[in-house]
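Undergrad: Sending over entry-v2.pdb (PDB, C-alpha atoms).
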ATOM      1  CA  ILE A  23     -42.352  81.082 169.118
ATOM      2  CA  LEU A  24     -38.626  80.913 168.482
ATOM      3  CA  VAL A  25     -37.743  78.433 171.243
ATOM      4  CA  PRO A  26     -40.141  75.612 170.232
ATOM      5  CA  TRP A  27     -39.196  76.189 166.608
ATOM      6  CA  TYR A  28     -35.459  75.941 167.324
ATOM      7  CA  LEU A  29     -35.998  72.824 169.416
ATOM      8  CA  TYR A  30     -37.914  71.260 166.531
ATOM      9  CA  ALA A  31     -35.258  72.250 163.999
ATOM     10  CA  TYR A  32     -32.328  71.065 166.140
ATOM     11  CA  LYS A  33     -33.901  68.009 167.780
ATOM     12  CA  GLY A  34     -36.710  66.966 165.407
ATOM     13  CA  ASP A  35     -39.319  66.725 168.180
ATOM     14  CA  ILE A  36     -42.700  67.704 166.732
ATOM     15  CA  ARG A  37     -44.427  67.340 170.112
ATOM     16  CA  LEU A  38     -43.050  70.690 171.238
ATOM     17  CA  LEU A  39     -44.676  72.403 168.264
ATOM     18  CA  GLU A  40     -47.971  70.655 168.964
ATOM     19  CA  ARG A  41     -47.961  71.859 172.569
ATOM     20  CA  ALA A  42     -46.820  75.383 171.736
ATOM     21  CA  TYR A  43     -48.969  76.081 168.674
ATOM     22  CA  PRO A  44     -51.970  77.621 170.503
ATOM     23  CA  ALA A  45     -49.662  79.993 172.413
ATOM     24  CA  MET A  46     -47.751  80.802 169.213
ATOM     25  CA  GLU A  47     -50.999  81.882 167.560
ATOM     26  CA  LYS A  48     -51.938  83.979 170.577
ATOM     27  CA  TYR A  49     -48.598  85.742 170.581
ATOM     28  CA  VAL A  50     -48.875  86.721 166.915
ATOM     29  CA  ALA A  51     -52.393  87.982 167.665
ATOM     30  CA  TYR A  52     -50.938  90.021 170.528
ATOM     31  CA  LEU A  53     -48.298  91.545 168.262
ATOM     32  CA  LYS A  54     -50.983  92.370 165.731
ATOM     33  CA  SER A  55     -52.899  94.194 168.470
ATOM     34  CA  ARG A  56     -49.753  96.325 168.987
ATOM     35  CA  GLU A  57     -49.440  97.254 165.305
ATOM     36  CA  LYS A  58     -48.960 100.903 164.523
ATOM     37  CA  PRO A  59     -50.933 102.488 161.660
ATOM     38  CA  ASN A  60     -47.934 101.860 159.372
ATOM     39  CA  GLY A  61     -48.187  98.075 159.958
ATOM     40  CA  LEU A  62     -45.046  97.818 162.106
ATOM     41  CA  VAL A  63     -44.491  97.310 165.835
ATOM     42  CA  ASP A  64     -42.084  98.947 168.254
ATOM     43  CA  HIS A  65     -43.008  96.904 171.321
ATOM     44  CA  GLY A  66     -40.064  95.635 173.347
ATOM     45  CA  LEU A  67     -36.585  96.627 174.469
ATOM     46  CA  GLY A  68     -35.061  96.570 170.996
ATOM     47  CA  ASP A  69     -31.286  96.224 170.660
ATOM     48  CA  TRP A  70     -30.689  96.210 174.385
ATOM     49  CA  CYS A  71     -27.277  97.135 175.850
ATOM     50  CA  PHE A  72     -26.080  98.721 172.609
ATOM     51  CA  ALA A  73     -22.454  99.866 172.459
ATOM     52  CA  LYS A  74     -22.845 103.448 171.205
ATOM     53  CA  THR A  75     -25.610 103.724 168.596
ATOM     54  CA  GLU A  76     -29.197 103.037 169.577
ATOM     55  CA  THR A  77     -31.326 101.295 166.944
ATOM     56  CA  PRO A  78     -35.054 102.139 166.863
ATOM     57  CA  ALA A  79     -37.031  99.284 168.384
ATOM     58  CA  GLU A  80     -39.287  99.366 165.326
ATOM     59  CA  ALA A  81     -36.363  98.165 163.191
ATOM     60  CA  THR A  82     -35.882  94.995 165.254
ATOM     61  CA  SER A  83     -39.314  94.254 166.745
ATOM     62  CA  SER A  84     -40.960  94.416 163.321
ATOM     63  CA  VAL A  85     -38.474  91.882 161.963
ATOM     64  CA  TYR A  86     -39.346  89.514 164.801
ATOM     65  CA  TYR A  87     -43.024  90.113 164.007
ATOM     66  CA  PHE A  88     -42.263  89.013 160.424
ATOM     67  CA  ILE A  89     -40.291  85.949 161.599
ATOM     68  CA  ASP A  90     -42.974  84.943 164.086
ATOM     69  CA  ALA A  91     -45.707  85.050 161.444
ATOM     70  CA  ARG A  92     -43.609  82.945 159.060
ATOM     71  CA  ILE A  93     -42.811  80.365 161.733
ATOM     72  CA  VAL A  94     -46.463  79.999 162.685
ATOM     73  CA  ALA A  95     -47.313  79.539 158.990
ATOM     74  CA  GLN A  96     -44.662  76.811 158.682
ATOM     75  CA  THR A  97     -45.792  75.191 161.918
ATOM     76  CA  ALA A  98     -49.389  75.089 160.696
ATOM     77  CA  ARG A  99     -48.245  73.200 157.584
ATOM     78  CA  ILE A 100     -46.074  70.795 159.579
ATOM     79  CA  LEU A 101     -48.952  70.010 161.946
ATOM     80  CA  GLY A 102     -51.402  69.470 159.092
ATOM     81  CA  LYS A 103     -53.657  72.390 159.992
ATOM     82  CA  PRO A 104     -56.211  73.604 157.430
ATOM     83  CA  ARG A 105     -54.517  75.389 154.535
ATOM     84  CA  GLU A 106     -56.323  78.601 155.432
ATOM     85  CA  GLU A 107     -54.342  78.843 158.675
ATOM     86  CA  SER A 108     -50.893  78.711 157.112
ATOM     87  CA  HIS A 109     -52.036  81.017 154.314
ATOM     88  CA  LYS A 110     -53.283  83.585 156.848
ATOM     89  CA  TYR A 111     -49.935  83.799 158.605
ATOM     90  CA  GLU A 112     -47.869  83.721 155.425
ATOM     91  CA  THR A 113     -49.943  86.591 154.038
ATOM     92  CA  LEU A 114     -49.425  88.523 157.266
ATOM     93  CA  ALA A 115     -45.668  87.957 157.117
ATOM     94  CA  TRP A 116     -45.305  89.408 153.638
ATOM     95  CA  LYS A 117     -47.569  92.295 154.552
ATOM     96  CA  ILE A 118     -45.178  93.084 157.416
ATOM     97  CA  ARG A 119     -42.211  92.831 155.070
ATOM     98  CA  ASP A 120     -43.772  95.244 152.585
ATOM     99  CA  ALA A 121     -44.524  97.710 155.376
ATOM    100  CA  TYR A 122     -40.970  97.376 156.680
ATOM    101  CA  LEU A 123     -39.399  98.199 153.341
ATOM    102  CA  LYS A 124     -41.828 101.057 152.711
ATOM    103  CA  GLU A 125     -41.306 102.687 156.102
ATOM    104  CA  LEU A 126     -37.680 101.917 156.987
ATOM    105  CA  TYR A 127     -35.741 101.125 153.801
ATOM    106  CA  GLN A 128     -34.298 104.136 151.982
ATOM    107  CA  THR A 129     -33.361 104.192 148.304
ATOM    108  CA  ASP A 130     -29.606 104.316 149.031
ATOM    109  CA  GLY A 131     -29.799 101.139 151.116
ATOM    110  CA  THR A 132     -29.953 102.791 154.535
ATOM    111  CA  ILE A 133     -32.347 101.050 156.934
ATOM    112  CA  ALA A 134     -33.875 103.086 159.772
ATOM    113  CA  ASN A 135     -30.978 105.083 161.252
ATOM    114  CA  GLY A 136     -28.290 103.095 159.422
ATOM    115  CA  SER A 137     -26.883 101.409 162.521
ATOM    116  CA  GLN A 138     -24.951  98.153 162.276
ATOM    117  CA  THR A 139     -27.917  96.392 163.853
ATOM    118  CA  ALA A 140     -30.506  97.881 161.499
ATOM    119  CA  GLN A 141     -28.390  97.124 158.421
ATOM    120  CA  SER A 142     -27.667  93.533 159.398
ATOM    121  CA  PHE A 143     -31.039  92.611 160.902
ATOM    122  CA  ALA A 144     -33.147  92.775 157.753
ATOM    123  CA  ALA A 145     -30.409  91.049 155.739
ATOM    124  CA  TYR A 146     -29.912  88.138 158.113
ATOM    125  CA  TYR A 147     -33.627  87.444 158.518
ATOM    126  CA  GLY A 148     -34.392  87.484 154.803
ATOM    127  CA  LEU A 149     -36.427  90.649 154.240
ATOM    128  CA  LEU A 150     -34.297  91.948 151.369
ATOM    129  CA  ASN A 151     -34.155  91.205 147.653
ATOM    130  CA  PRO A 152     -30.696  90.822 146.020
ATOM    131  CA  LYS A 153     -30.432  94.489 144.953
ATOM    132  CA  GLU A 154     -31.608  95.683 148.357
ATOM    133  CA  LEU A 155     -29.152  93.308 150.035
ATOM    134  CA  ASP A 156     -26.259  94.691 147.981
ATOM    135  CA  ASP A 157     -27.110  98.297 148.805
ATOM    136  CA  SER A 158     -27.811  97.672 152.488
ATOM    137  CA  SER A 159     -24.581  95.654 152.795
ATOM    138  CA  ALA A 160     -22.602  98.606 151.451
ATOM    139  CA  LYS A 161     -24.196 100.779 154.136
ATOM    140  CA  LEU A 162     -23.364  98.155 156.764
ATOM    141  CA  LEU A 163     -19.706  98.297 155.770
ATOM    142  CA  GLU A 164     -19.815 102.102 155.988
ATOM    143  CA  ALA A 165     -21.255 101.878 159.507
ATOM    144  CA  ILE A 166     -18.512  99.446 160.550
ATOM    145  CA  HIS A 167     -15.753 101.627 159.115
ATOM    146  CA  ARG A 168     -17.225 104.692 160.873
ATOM    147  CA  ALA A 169     -16.750 102.736 164.095
ATOM    148  CA  ASP A 170     -13.098 102.128 163.197
ATOM    149  CA  ASP A 171     -13.875  98.495 162.358
ATOM    150  CA  HIS A 172     -15.372  97.844 165.795
ATOM    151  CA  LEU A 173     -18.773  96.441 166.562
ATOM    152  CA  ASP A 174     -21.453  98.944 167.526
ATOM    153  CA  VAL A 175     -24.391  96.708 168.431
ATOM    154  CA  GLY A 176     -26.427  95.437 171.356
ATOM    155  CA  ILE A 177     -27.653  91.951 172.201
ATOM    156  CA  LEU A 178     -29.745  91.608 169.011
ATOM    157  CA  GLY A 179     -27.244  93.055 166.575
ATOM    158  CA  THR A 180     -24.452  90.893 167.955
ATOM    159  CA  LYS A 181     -26.265  87.880 166.522
ATOM    160  CA  THR A 182     -26.898  89.332 163.083
ATOM    161  CA  LEU A 183     -23.686  91.315 162.523
ATOM    162  CA  PHE A 184     -21.218  88.430 162.225
ATOM    163  CA  HIS A 185     -23.572  86.162 160.279
ATOM    164  CA  THR A 186     -24.457  88.935 157.830
ATOM    165  CA  LEU A 187     -20.790  89.673 157.165
ATOM    166  CA  SER A 188     -20.370  85.987 156.354
ATOM    167  CA  MET A 189     -23.396  86.137 154.026
ATOM    168  CA  ILE A 190     -21.678  88.870 151.997
ATOM    169  CA  ASP A 191     -18.278  87.129 152.000
ATOM    170  CA  ARG A 192     -16.633  89.448 154.514
ATOM    171  CA  ASN A 193     -15.420  86.887 157.023
ATOM    172  CA  ASP A 194     -12.147  88.807 157.051
ATOM    173  CA  LEU A 195     -13.886  91.865 158.478
ATOM    174  CA  ALA A 196     -15.901  89.774 160.936
ATOM    175  CA  LEU A 197     -12.648  88.280 162.228
ATOM    176  CA  LYS A 198     -11.052  91.716 162.473
ATOM    177  CA  ILE A 199     -13.984  93.013 164.542
ATOM    178  CA  LEU A 200     -13.854  89.938 166.735
ATOM    179  CA  ASN A 201     -10.145  90.363 167.431
ATOM    180  CA  GLN A 202     -10.279  94.040 168.417
ATOM    181  CA  LYS A 203      -8.912  94.700 171.904
ATOM    182  CA  THR A 204     -10.091  98.277 172.409
ATOM    183  CA  PRO A 205     -13.689  99.019 173.485
ATOM    184  CA  PRO A 206     -16.279  98.116 172.515
ATOM    185  CA  SER A 207     -15.201  94.545 171.853
ATOM    186  CA  TYR A 208     -14.957  91.060 173.266
ATOM    187  CA  GLY A 209     -11.209  91.558 173.403
ATOM    188  CA  SER A 210     -11.571  94.598 175.648
ATOM    189  CA  TRP A 211     -13.333  92.370 178.171
ATOM    190  CA  PHE A 212     -10.440  89.926 178.067
ATOM    191  CA  GLU A 213      -7.961  92.780 178.485
ATOM    192  CA  ARG A 214      -9.794  93.684 181.702
ATOM    193  CA  GLY A 215      -9.552  90.124 182.996
ATOM    194  CA  ALA A 216     -12.850  88.657 181.854
ATOM    195  CA  THR A 217     -13.146  84.879 181.798
ATOM    196  CA  THR A 218     -16.892  84.964 181.043
ATOM    197  CA  LEU A 219     -19.240  87.032 178.892
ATOM    198  CA  TRP A 220     -20.376  90.253 180.568
ATOM    199  CA  GLU A 221     -23.794  91.917 180.477
ATOM    200  CA  ASP A 222     -22.743  95.074 178.612
ATOM    201  CA  TRP A 223     -19.805  96.472 176.650
ATOM    202  CA  GLY A 224     -18.755  98.670 179.564
ATOM    203  CA  ASP A 225     -17.770  97.335 182.951
ATOM    204  CA  GLY A 226     -20.387  94.595 182.941
ATOM    205  CA  SER A 227     -23.295  94.922 185.358
ATOM    206  CA  SER A 228     -23.264  91.130 185.510
ATOM    207  CA  ARG A 229     -20.011  89.284 184.921
ATOM    208  CA  ASN A 230     -21.614  86.069 183.670
ATOM    209  CA  HIS A 231     -24.284  86.768 181.078
ATOM    210  CA  VAL A 232     -25.208  84.895 177.906
ATOM    211  CA  MET A 233     -26.709  87.848 176.012
ATOM    212  CA  PHE A 234     -23.753  88.339 173.664
ATOM    213  CA  GLY A 235     -23.079  84.609 173.330
ATOM    214  CA  ASP A 236     -24.340  83.934 169.811
ATOM    215  CA  VAL A 237     -20.825  84.555 168.503
ATOM    216  CA  SER A 238     -20.142  80.929 169.503
ATOM    217  CA  THR A 239     -22.794  79.942 166.946
ATOM    218  CA  TRP A 240     -20.848  81.884 164.328
ATOM    219  CA  PHE A 241     -17.726  79.975 165.343
ATOM    220  CA  TYR A 242     -19.115  76.514 164.648
ATOM    221  CA  GLN A 243     -21.530  77.391 161.829
ATOM    222  CA  THR A 244     -19.188  79.608 159.819
ATOM    223  CA  LEU A 245     -15.560  78.986 160.775
ATOM    224  CA  GLY A 246     -16.268  75.318 161.466
ATOM    225  CA  GLY A 247     -18.916  75.196 158.742
ATOM    226  CA  ILE A 248     -21.346  72.921 160.610
ATOM    227  CA  SER A 249     -24.938  73.590 159.594
ATOM    228  CA  GLN A 250     -27.984  71.784 158.244
ATOM    229  CA  GLU A 251     -28.674  71.124 154.593
ATOM    230  CA  LEU A 252     -32.302  70.424 155.461
ATOM    231  CA  PRO A 253     -33.539  72.245 158.571
ATOM    232  CA  LEU A 254     -34.332  69.243 160.733
ATOM    233  CA  ALA A 255     -32.160  67.653 163.410
ATOM    234  CA  PHE A 256     -28.971  67.382 161.298
ATOM    235  CA  LYS A 257     -30.185  64.362 159.335
ATOM    236  CA  GLN A 258     -28.528  65.995 156.314
ATOM    237  CA  GLN A 259     -25.611  68.251 157.155
ATOM    238  CA  LEU A 260     -23.756  70.926 155.257
ATOM    239  CA  ILE A 261     -20.077  71.220 156.113
ATOM    240  CA  ASP A 262     -18.720  74.358 154.495
ATOM    241  CA  PRO A 263     -15.998  75.879 156.693
ATOM    242  CA  GLN A 264     -14.691  79.353 155.937
ATOM    243  CA  PHE A 265     -10.962  80.087 155.840
ATOM    244  CA  PRO A 266     -10.438  83.827 156.455
ATOM    245  CA  ALA A 267      -6.902  85.181 156.239
ATOM    246  CA  GLY A 268      -5.232  85.396 159.614
ATOM    247  CA  LEU A 269      -6.825  82.228 160.944
ATOM    248  CA  ASP A 270      -4.778  79.057 160.539
ATOM    249  CA  TRP A 271      -6.799  76.405 162.367
ATOM    250  CA  VAL A 272     -10.270  75.643 163.690
ATOM    251  CA  LYS A 273     -11.775  72.827 165.750
ATOM    252  CA  ALA A 274     -15.578  72.663 166.085
ATOM    253  CA  GLU A 275     -18.203  70.132 167.045
ATOM    254  CA  HIS A 276     -21.971  69.824 167.445
ATOM    255  CA  ASP A 277     -23.721  67.123 169.454
ATOM    256  CA  SER A 278     -26.653  66.282 167.169
ATOM    257  CA  PRO A 279     -29.460  63.778 167.908
ATOM    258  CA  TYR A 280     -27.576  61.297 165.697
ATOM    259  CA  GLY A 281     -24.199  61.751 167.349
ATOM    260  CA  LEU A 282     -21.220  64.082 167.367
ATOM    261  CA  ILE A 283     -20.417  66.104 164.230
ATOM    262  CA  GLU A 284     -16.757  67.140 164.246
ATOM    263  CA  VAL A 285     -14.787  69.430 161.974
ATOM    264  CA  GLU A 286     -11.138  70.373 162.198
ATOM    265  CA  TRP A 287      -9.042  72.233 159.640
ATOM    266  CA  LYS A 288      -5.502  73.541 159.484
ATOM    267  CA  ARG A 289      -3.823  75.832 156.961
ATOM    268  CA  GLU A 290      -0.226  75.482 155.796
ATOM    269  CA  GLY A 291       0.491  77.985 153.041
ATOM    270  CA  LYS A 292      -2.262  77.490 150.456
ATOM    271  CA  LYS A 293      -2.886  73.914 151.555
ATOM    272  CA  ILE A 294      -5.770  73.221 153.937
ATOM    273  CA  THR A 295      -6.205  69.840 155.605
ATOM    274  CA  LEU A 296      -9.830  69.210 156.576
ATOM    275  CA  HIS A 297     -10.824  66.426 158.987
ATOM    276  CA  PHE A 298     -14.488  65.723 159.677
ATOM    277  CA  SER A 299     -16.704  63.106 161.285
ATOM    278  CA  ILE A 300     -20.285  62.289 160.155
ATOM    279  CA  PRO A 301     -22.634  60.459 162.582
ATOM    280  CA  VAL A 302     -24.380  57.193 161.715
ATOM    281  CA  ASN A 303     -27.639  57.314 159.739
ATOM    282  CA  THR A 304     -26.826  60.754 158.343
ATOM    283  CA  THR A 305     -25.231  62.249 155.242
ATOM    284  CA  ALA A 306     -23.308  65.450 154.662
ATOM    285  CA  SER A 307     -22.481  67.658 151.713
ATOM    286  CA  VAL A 308     -18.867  68.644 152.346
ATOM    287  CA  VAL A 309     -16.750  71.257 150.605
ATOM    288  CA  SER A 310     -14.337  69.162 148.575
ATOM    289  CA  LYS A 311     -12.660  71.706 146.324
ATOM    290  CA  LEU A 312     -11.815  75.398 146.482
ATOM    291  CA  GLY A 313     -11.769  77.007 143.078
ATOM    292  CA  GLU A 314     -12.060  80.277 141.205
ATOM    293  CA  GLN A 315     -15.767  79.629 140.562
ATOM    294  CA  GLY A 316     -16.625  78.887 144.181
ATOM    295  CA  ARG A 317     -16.887  75.776 146.331
ATOM    296  CA  ASP A 318     -17.550  72.259 145.057
ATOM    297  CA  PHE A 319     -19.288  69.738 147.314
ATOM    298  CA  THR A 320     -19.249  65.967 147.655
ATOM    299  CA  THR A 321     -21.797  63.914 149.624
ATOM    300  CA  PHE A 322     -20.446  61.657 152.364
ATOM    301  CA  GLY A 323     -22.100  59.037 154.556
ATOM    302  CA  SER A 324     -21.244  58.325 158.177
ATOM    303  CA  GLY A 325     -17.587  57.941 159.079
ATOM    304  CA  ARG A 326     -14.350  59.870 159.585
ATOM    305  CA  TYR A 327     -12.670  61.537 156.625
ATOM    306  CA  THR A 328      -9.738  63.729 155.609
ATOM    307  CA  LEU A 329      -9.634  66.041 152.592
ATOM    308  CA  GLU A 330      -6.706  67.995 151.233
ATOM    309  CA  LEU A 331      -7.863  71.352 149.827
ATOM    310  CA  GLU A 332      -5.930  73.940 147.878
ATOM    311  CA  GLU A 333      -6.786  77.645 148.044
ATOM    312  CA  PRO A 334      -6.728  79.557 144.734
TER
END
Could you show the structure in this file as structure tokens?

TA:
Amino acid sequence: ILVPWYLYAYKGDIRLLERAYPAMEKYVAYLKSREKPNGLVDHGLGDWCFAKTETPAEATSSVYYFIDARIVAQTARILGKPREESHKYETLAWKIRDAYLKELYQTDGTIANGSQTAQSFAAYYGLLNPKELDDSSAKLLEAIHRADDHLDVGILGTKTLFHTLSMIDRNDLALKILNQKTPPSYGSWFERGATTLWEDWGDGSSRNHVMFGDVSTWFYQTLGGISQELPLAFKQQLIDPQFPAGLDWVKAEHDSPYGLIEVEWKREGKKITLHFSIPVNTTASVVSKLGEQGRDFTTFGSGRYTLELEEP
């Protein structure tokens, strides 16, 4: 379900959704057959290759169950299926969400066993209301500080941890975690001579494994700020780079169907020089001012540009 959806979102090719739709429906039906009496699922490996704290598979598999149902609902609408089809899957998705919050979300914001993965998973994938997000984010920060500001996640939590910290304006903490050199960390791999991503946070069963690789997405989407304003093939881009303390320059690019999107920024004191390139036949909303009230954006057409920004 996720792969054809991502290919549609990143490349704009509806044919993949058309071919995959029958299998997507069957997979949701399969997950439904694995439902527990509480409406959740615990089928699968869960947060595989976790650092120290194991997250219950129910806390991750049920979120994917929710996402899958929502994607099939969206796909049904895109493909012009009868309204009843999209409605069926949308209803299922919100039923899963309600069950998730009832069974796993505690009143103080703790989710499942309170692991970094559990706390970030529901936030990143949109299961929480604003109050729930605030409380669960506080518990996420507690879990990180208990780990001495190190990551404590497996292959699933690695994806959601950094992005969730960005969602709650804690890019500074995400960068601190990323730059740790003692285990468990990416830096500890480098200290032991790694030139590739390993399969686990220990000695690495495989020394060339992509499982922890989504951090590169965080690099270009958050630090470089390259994302989509509308979720289809980068026709309309959003360029909103983040400038955490301790990081003085970033270069990022994405090869979209319309051409190369490039972003480069450099900090000198409170001055930030931002260079960016917008492909032909596209537009981009680009951060054009940093102020006390948040970011201001200006829309740009194709071309190469330079902006001078001033941090508050």

Undergrad: Mind giving me the axis-aligned box for range 295-300 of chain A with 5 Å on every side, centre plus edges in Å to one decimal, as JSON?

TA:
{"center_x": -13.2, "center_y": 66.1, "center_z": 158.4, "size_x": 24.1, "size_y": 17.6, "size_z": 15.7}

Undergrad: Taking the file as shown, what set of residues would the PyMOL selection byres ((chain A and resi 192) around 12) give back, as a tab-separated table (two decimals) with C-alpha atoms, keeping the file's coordinate frame?

TA:
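And here's selection.tsv as it stands now:
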chain	number	residue	atom	x	y	z
A	159	SER	CA	-24.58	95.65	152.79
A	160	ALA	CA	-22.60	98.61	151.45
A	162	LEU	CA	-23.36	98.16	156.76
A	163	LEU	CA	-19.71	98.30	155.77
A	166	ILE	CA	-18.51	99.45	160.55
A	183	LEU	CA	-23.69	91.32	162.52
A	184	PHE	CA	-21.22	88.43	162.22
A	185	HIS	CA	-23.57	86.16	160.28
A	186	THR	CA	-24.46	88.94	157.83
A	187	LEU	CA	-20.79	89.67	157.16
A	188	SER	CA	-20.37	85.99	156.35
A	189	MET	CA	-23.40	86.14	154.03
A	190	ILE	CA	-21.68	88.87	152.00
A	191	ASP	CA	-18.28	87.13	152.00
A	193	ASN	CA	-15.42	86.89	157.02
A	194	ASP	CA	-12.15	88.81	157.05
A	195	LEU	CA	-13.89	91.86	158.48
A	196	ALA	CA	-15.90	89.77	160.94
A	197	LEU	CA	-12.65	88.28	162.23
A	198	LYS	CA	-11.05	91.72	162.47
A	199	ILE	CA	-13.98	93.01	164.54
A	244	THR	CA	-19.19	79.61	159.82
A	264	GLN	CA	-14.69	79.35	155.94
A	265	PHE	CA	-10.96	80.09	155.84
A	266	PRO	CA	-10.44	83.83	156.46
A	267	ALA	CA	-6.90	85.18	156.24

Undergrad: For this structure, which residues satisfy the selection - the PyMOL selection byres ((chain A and resi 32) around 8) - when it is evaluated on the file as given? I want them as a list of chain:residue names.

TA: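 In the shown coordinates, the PyMOL selection byres ((chain A and resi 32) around 8) covers A:Tyr28, A:Leu29, A:Tyr30, A:Ala31, A:Lys33, A:Gly34, A:Pro253, A:Leu254, A:Ala255, A:Phe256, A:Ser278.
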
Undergrad: Would you kindly translate the PyMOL selection byres ((chain A and resi 100) around 12) into the concrete residues it picks from this file, as a JSON list (two decimals) with C-alpha atoms, in the frame of the given file?

TA:
[["chain", "number", "residue", "atom", "x", "y", "z"],
["A", 27, "TRP", "CA", -39.20, 76.19, 166.61],
["A", 30, "TYR", "CA", -37.91, 71.26, 166.53],
["A", 31, "ALA", "CA", -35.26, 72.25, 164.00],
["A", 34, "GLY", "CA", -36.71, 66.97, 165.41],
["A", 35, "ASP", "CA", -39.32, 66.72, 168.18],
["A", 36, "ILE", "CA", -42.70, 67.70, 166.73],
["A", 37, "ARG", "CA", -44.43, 67.34, 170.11],
["A", 39, "LEU", "CA", -44.68, 72.40, 168.26],
["A", 40, "GLU", "CA", -47.97, 70.66, 168.96],
["A", 43, "TYR", "CA", -48.97, 76.08, 168.67],
["A", 93, "ILE", "CA", -42.81, 80.36, 161.73],
["A", 94, "VAL", "CA", -46.46, 80.00, 162.68],
["A", 95, "ALA", "CA", -47.31, 79.54, 158.99],
["A", 96, "GLN", "CA", -44.66, 76.81, 158.68],
["A", 97, "THR", "CA", -45.79, 75.19, 161.92],
["A", 98, "ALA", "CA", -49.39, 75.09, 160.70],
["A", 99, "ARG", "CA", -48.24, 73.20, 157.58],
["A", 101, "LEU", "CA", -48.95, 70.01, 161.95],
["A", 102, "GLY", "CA", -51.40, 69.47, 159.09],
["A", 103, "LYS", "CA", -53.66, 72.39, 159.99],
["A", 104, "PRO", "CA", -56.21, 73.60, 157.43],
["A", 105, "ARG", "CA", -54.52, 75.39, 154.54],
["A", 107, "GLU", "CA", -54.34, 78.84, 158.68],
["A", 108, "SER", "CA", -50.89, 78.71, 157.11],
["A", 254, "LEU", "CA", -34.33, 69.24, 160.73]]

Undergrad: CA of Ala274 in chain A to CA of Ala145 in chain A: how many Å, to one decimal?

TA: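 CA of Ala274 in chain A sits 25.8 Å away from CA of Ala145 in chain A.
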
Undergrad: Using Å and a single decimal, report how far CA of Ala91 in chain A sits from CA of Glu251 in chain A.

TA: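 Interatomic distance here is 23.0 Å.
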
Undergrad: Quick check, in Å to one decimal: how far apart do CA of Asp262 in chain A and CA of Pro206 in chain A lie?

TA: 29.9 Å

Undergrad: Have a look at A:Ile261, A:Ala134, A:Leu62, A:Val309 and name the one nearest to Trp116 in chain A; count all atoms listed in the file.

TA: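 For Trp116 in chain A, the nearest of the given residues is A:Leu62.
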
Undergrad: Leaving out range 137-140 of chain A and any residue of its chain fewer than 6 positions from it, which residues lie within 7 Å of it when counting all atoms listed in the file, given as a PDB file with C-alpha atoms, in the coordinates of the input?

TA:
ATOM      1  CA  THR A  75     -25.610 103.724 168.596  1.00  0.00           C
ATOM      2  CA  THR A  77     -31.326 101.295 166.944  1.00  0.00           C
ATOM      3  CA  ALA A  81     -36.363  98.165 163.191  1.00  0.00           C
ATOM      4  CA  LEU A 162     -23.364  98.155 156.764  1.00  0.00           C
ATOM      5  CA  ALA A 165     -21.255 101.878 159.507  1.00  0.00           C
ATOM      6  CA  ILE A 166     -18.512  99.446 160.550  1.00  0.00           C
ATOM      7  CA  ASP A 174     -21.453  98.944 167.526  1.00  0.00           C
ATOM      8  CA  VAL A 175     -24.391  96.708 168.431  1.00  0.00           C
ATOM      9  CA  GLY A 179     -27.244  93.055 166.575  1.00  0.00           C
ATOM     10  CA  LEU A 183     -23.686  91.315 162.523  1.00  0.00           C
TER      11      LEU A 183
END

Undergrad: Could you give me, as JSON lines, every range 241-312 of chain A residue with an atom at most 8 Å from range 322-334 of chain A, plus its closest atom pair and distance in Å to one decimal, counting only C-alpha atoms, rows ordered by chain then number?

TA:
{"residue": "A:Lys292", "atom": "CA", "partner": "A:Glu333", "partner_atom": "CA", "distance": 5.1}
{"residue": "A:Lys293", "atom": "CA", "partner": "A:Glu332", "partner_atom": "CA", "distance": 4.8}
{"residue": "A:Ile294", "atom": "CA", "partner": "A:Leu331", "partner_atom": "CA", "distance": 5.0}
{"residue": "A:Thr295", "atom": "CA", "partner": "A:Glu330", "partner_atom": "CA", "distance": 4.8}
{"residue": "A:Leu296", "atom": "CA", "partner": "A:Leu329", "partner_atom": "CA", "distance": 5.1}
{"residue": "A:His297", "atom": "CA", "partner": "A:Thr328", "partner_atom": "CA", "distance": 4.5}
{"residue": "A:Phe298", "atom": "CA", "partner": "A:Tyr327", "partner_atom": "CA", "distance": 5.5}
{"residue": "A:Ser299", "atom": "CA", "partner": "A:Arg326", "partner_atom": "CA", "distance": 4.3}
{"residue": "A:Ile300", "atom": "CA", "partner": "A:Ser324", "partner_atom": "CA", "distance": 4.5}
{"residue": "A:Pro301", "atom": "CA", "partner": "A:Ser324", "partner_atom": "CA", "distance": 5.1}
{"residue": "A:Val302", "atom": "CA", "partner": "A:Ser324", "partner_atom": "CA", "distance": 4.9}
{"residue": "A:Asn303", "atom": "CA", "partner": "A:Ser324", "partner_atom": "CA", "distance": 6.7}
{"residue": "A:Thr304", "atom": "CA", "partner": "A:Ser324", "partner_atom": "CA", "distance": 6.1}
{"residue": "A:Thr305", "atom": "CA", "partner": "A:Gly323", "partner_atom": "CA", "distance": 4.5}
{"residue": "A:Ala306", "atom": "CA", "partner": "A:Phe322", "partner_atom": "CA", "distance": 5.3}
{"residue": "A:Ser307", "atom": "CA", "partner": "A:Phe322", "partner_atom": "CA", "distance": 6.4}
{"residue": "A:Val308", "atom": "CA", "partner": "A:Phe322", "partner_atom": "CA", "distance": 7.2}
{"residue": "A:Ser310", "atom": "CA", "partner": "A:Leu329", "partner_atom": "CA", "distance": 6.9}
{"residue": "A:Lys311", "atom": "CA", "partner": "A:Leu331", "partner_atom": "CA", "distance": 6.0}
{"residue": "A:Leu312", "atom": "CA", "partner": "A:Glu333", "partner_atom": "CA", "distance": 5.7}
